[in-house]
Amino acid sequence: MIDLLRKIGNLMDLRYKAQCMGHRTQNVAWHWGKRALFAILVSCFLCPAYFVFAEDVSLEATVDSNKIAMGTAGQLLLTVHGTQDVDKIDLPPIDGVEVRYVGPSTQVRVINGAYSTAKVFTYMLLPLKEGTFTIPPVEVDIKGQIYRSEPIVLQVLSASSEGDGQSGADPLSDPQSLSDKVRMIFSVPRNKCFVNEELPAVIKLYVQDVPMQDITLPDIRQDGFVLSDYVQPRQFEETVDGRKFHVVEFVTRITPLHPGKLSVGPAVITANLVFRTNVRRNPFGRRSGFNDDFFSGIFGGYEKKPITITARPIELEVEDLPQEGLPKSFSGGVGKFTFDAELSPLKVKVGDPFTLRMVVSGVGNLRAVAMPVVQDEKLKVYEPQIKEEDGRKILELVLIPIKEDVREIPAVVFSYFDVEEGRYQTITRGPFPVEVMPPEKGQEFQAIGFSDKGASLVPESFGKDIVFIKDHPGAWQRKGSAFARYGMFCAVLFVFLNGWISVLILILHRRRMSLDTSYARRAAAYKEFRSGWKSAARWMTDHHSREFYDALTNILRAYLVSKLEIASGEIGFEVLENALMLNKIDIKEIRKLEDLLRVADQVRFGRLSMGEKEMRQHYLDVEEVAEAIERRVR
Amino acid sequence: MKKIAFQLFMTFSLLTPAIAMERVEADQLFTQAGQAYKDGQLNEAIGFNEKIIAGGFESSAVYYNLGNAYLKKKALGKAIANYLRSERMSPRDADVRANLAFARSNVEFSQPFSSTNDVEKVLLLNQASEEELRWMALMFFMMAGTFVLVGLYKKVRTKRIILWTVLLSCLWIYCVAVLMMRMVSEDGHAVVIKGVEAKYEPSQGATTYFKLFEGAEVRVLKREDMWLKIERSDGKAAWVSVDAVEQVLP
């Protein structure tokens, strides 16, 4: 390969020199750029090839199914990973099965930048008789090295079970085949543990040749356990019994809460199986022209069917933590931990802070671990800052010496139960020798603007007790009664909502009055009628019957024209009667109006005189009729 | 309308003397409780303050004084419960916060629940009591409603009116959300009033999960007969007897 690169380099140099002679100094930059590009392309093509040759070589034998029915064919794949330089592999004879070589194929994969290659030899397996047979290990000699595959057990079934293992369009129609292609295993590293010990739990979902979507996280029944969040699921391929499965791996941690024989699980996953519905149903029960492959290929779609996959539960024997040797500083940590503590700086003045950093790391229930505490009268201890990151629990504690005679920071002790050793472990760090100096003269803390030079940085020690009781009860609140407690609030809300709605109605009314002329006329009609009706009373008291009936007729006419939206030229009793009937005015009121108008005409044009009693009756009748219309016509 | 106004007037006029009379009594009891506390008669002081509460009145000062009396009597759990009630009504009272912090510092393995969350701190609403929050929400609601009416009346939807309406509506929704969150967080808040062993199951014979010391703050999840399922701030849940804890909001 190095020779090849050298030759390419020489060739480039020659071309470059020849071109330089022709064009002198022009295009030198262009040529260098072209040369660099060529070198990059060569590297891109050759580097993967180099890594291909550096791959590990292996041989793998897989079958599409371990069960074959008589009269059908199975498939055997011999895959040589890591090289293409392999000739046809001859299989040894297999009892009960005839093997036919189909041909080779090559595979090249680039996954996350990793380049891999393989050569696959395909064989057809034709069963000759029923029974269980073994495909023996196949040996291949590649560059003097012998590679061997794993044996595979093959079961040949009777012809009646032909459908087995041949999942058609709908995998759910064949549960046996489905359980063979989809399975789930729930496992923990061991079946004995201690209370509060965290165990990694792995759920592996194996799927072969079944398209699956919408896979949920496993739901694990966990009475007596605490379950941590799942880490990001991992996907890979795994060969089991000579069959290649696509595997989805879910990892979590379980923590038993009490001793005894406990059961965790079953783990349940729900998902959707996706399968192609390439045969459309014919409602007439017979094959139509659209049922052929061409049309079903076009019009056939995909369907989803939900499936529930269950993994068996696990029995765990949970032991209680021993009381023997229980240290005082034990705070619940179970696992395998390390503990470290460091103090900085080691030399401070009174009032300056030390920082004590404690780190607990390891495997176990880190979240439940309580960190050690520091207590010393000569130190002011601040609230610690605790954080968890990358499997470590870190505590940072600020300690301020309040006296000069602090010589050391007390030791910190951390205890936990070691699950590997089966006993408690105690780790002590410290004491930490320190030097505390008095503050230098003139450098003491002083508040600006004050002349008290005696104030120093030395913290003042305060007594600690509760603040005295209060002398005034403050604002009383009613307890229990919702009315008393929320009464004022509800009243204000009620008043506001009422006001708001009223103003809204008023605004909408005004807007309509300005936009809708007929509405405005109707709305103003009654108001005008009332003022006219009141002024007509003057004629009645003065016994001017003609003027009285004139006024009544005019205000009534104006009111009816506006209210019933009648053209003023059309007003006759027949028109009025029709309009009133349309508006469902009581017939009594209509007759009353008819009588009134008739009498008014007799008085106005027939010179008939009326007494005050009759006039008052007609005066009231007019109001009654108007109110009846007002009730009906809005 | 006149009838409704008359009925409202009658209701208020009938209620007002009754409340006023009780208030006078509550004031007297409060004074007596303060005097008893000063004289060192703590049981009497507690009795007077409890009588005020039983009589249907409460105030931040009553719970505060009650907390002081219980703390002097070394009843840490009841003291903390009363300080929490007082803090709920007067969250800005420095005396209440100081005494609550002092009481909490005496609790073994104290891990109190956080009373406020980051959402509340945005506009310093963590400093407001529940009642103040309620009134603020109402005020923003009324202002937003008024702006809507102004917009409709002027028939012109200016950007400024729309902006104010949206802003006030957002503030109203924010106040309501904070109020709801606070009600949820306060629900079930309880204090252990006597040291107790928390069990895996609601029975005396069940295995002890952990110990709860007096004054520890827990959250009540559910009740089953004479047992309460409680949860510590670190998420550990177990069963304790009903008489071992006192709920802050009964």
# chains A, B, ... in the order shown; residues from 1 in each chain; ligands from 1

$ select_by_dssp --residues "region 142-232 of chain B" --states "helix (DSSP H, G or I)" --output "PyMOL selection string"
chain B and resi 142-154+159-186

$ closest_atom_pairs --of "chain B" --to "chain A" --cutoff "6 Å" --atoms "only C-alpha atoms" --output "Markdown table"
| residue | atom | partner | partner_atom | distance |
| --- | --- | --- | --- | --- |
| B:Gly56 | CA | A:Lys479 | CA | 4.7 |
| B:Phe57 | CA | A:Arg478 | CA | 4.8 |
| B:Glu58 | CA | A:Gln477 | CA | 5.3 |
| B:Ser59 | CA | A:Trp476 | CA | 5.2 |
| B:Ala61 | CA | A:Pro473 | CA | 5.2 |
| B:Asn65 | CA | A:Ile469 | CA | 5.2 |
| B:Asn99 | CA | A:Ile466 | CA | 5.1 |

$ write_last_selection --atoms "C-alpha atoms" --output "short mmCIF file (atom, residue, chain, number, x, y, z; two decimals), in the first residue's frame"
data_model
loop_
_atom_site.label_atom_id
_atom_site.label_comp_id
_atom_site.auth_asym_id
_atom_site.auth_seq_id
_atom_site.Cartn_x
_atom_site.Cartn_y
_atom_site.Cartn_z
CA GLY B 56 -63.77 29.81 64.52
CA PHE B 57 -61.10 32.52 64.43
CA GLU B 58 -57.51 32.34 63.36
CA SER B 59 -54.65 34.69 62.71
CA ALA B 61 -50.20 35.77 65.53
CA ASN B 65 -47.88 32.38 69.92
CA ASN B 99 -38.71 30.66 65.11
#

$ residues_around --residues "Gly82 (chain A)" --least-positions-apart "3" --cutoff "6 Å" --atoms "only C-alpha atoms" --output "PDB file with N, CA, C and O atoms, in the first residue's frame"
ATOM      1  N   GLU A  55      -9.728  -6.038  10.037  1.00  0.00           N
ATOM      2  CA  GLU A  55     -10.830  -6.609  10.801  1.00  0.00           C
ATOM      3  C   GLU A  55     -10.517  -8.023  11.269  1.00  0.00           C
ATOM      4  O   GLU A  55      -9.738  -8.740  10.636  1.00  0.00           O
ATOM      5  N   ASP A  56     -11.208  -8.426  12.383  1.00  0.00           N
ATOM      6  CA  ASP A  56     -11.095  -9.815  12.831  1.00  0.00           C
ATOM      7  C   ASP A  56     -11.952 -10.684  11.929  1.00  0.00           C
ATOM      8  O   ASP A  56     -13.063 -10.322  11.575  1.00  0.00           O
ATOM      9  N   VAL A  57     -11.400 -11.853  11.601  1.00  0.00           N
ATOM     10  CA  VAL A  57     -12.140 -12.775  10.723  1.00  0.00           C
ATOM     11  C   VAL A  57     -12.904 -13.754  11.607  1.00  0.00           C
ATOM     12  O   VAL A  57     -12.372 -14.240  12.614  1.00  0.00           O
ATOM     13  N   THR A 117     -17.013  -5.673   6.540  1.00  0.00           N
ATOM     14  CA  THR A 117     -17.372  -6.393   5.327  1.00  0.00           C
ATOM     15  C   THR A 117     -17.598  -7.862   5.652  1.00  0.00           C
ATOM     16  O   THR A 117     -17.096  -8.370   6.665  1.00  0.00           O
ATOM     17  N   ALA A 118     -18.389  -8.526   4.821  1.00  0.00           N
ATOM     18  CA  ALA A 118     -18.657  -9.953   5.051  1.00  0.00           C
ATOM     19  C   ALA A 118     -19.009 -10.609   3.720  1.00  0.00           C
ATOM     20  O   ALA A 118     -19.467  -9.950   2.780  1.00  0.00           O
TER      21      ALA A 118
END

$ closest_residue --among "B:Phe48, B:Trp239, B:Phe210, B:Tyr63" --to "Glu224 (chain B)" --atoms "only C-alpha atoms"
B:Trp239

$ residues_around --residues "Ala33 (chain B)" --least-positions-apart "6" --cutoff "8 Å" --atoms "only C-alpha atoms" --output "MDAnalysis selection string"
chainID B and resid 44:49
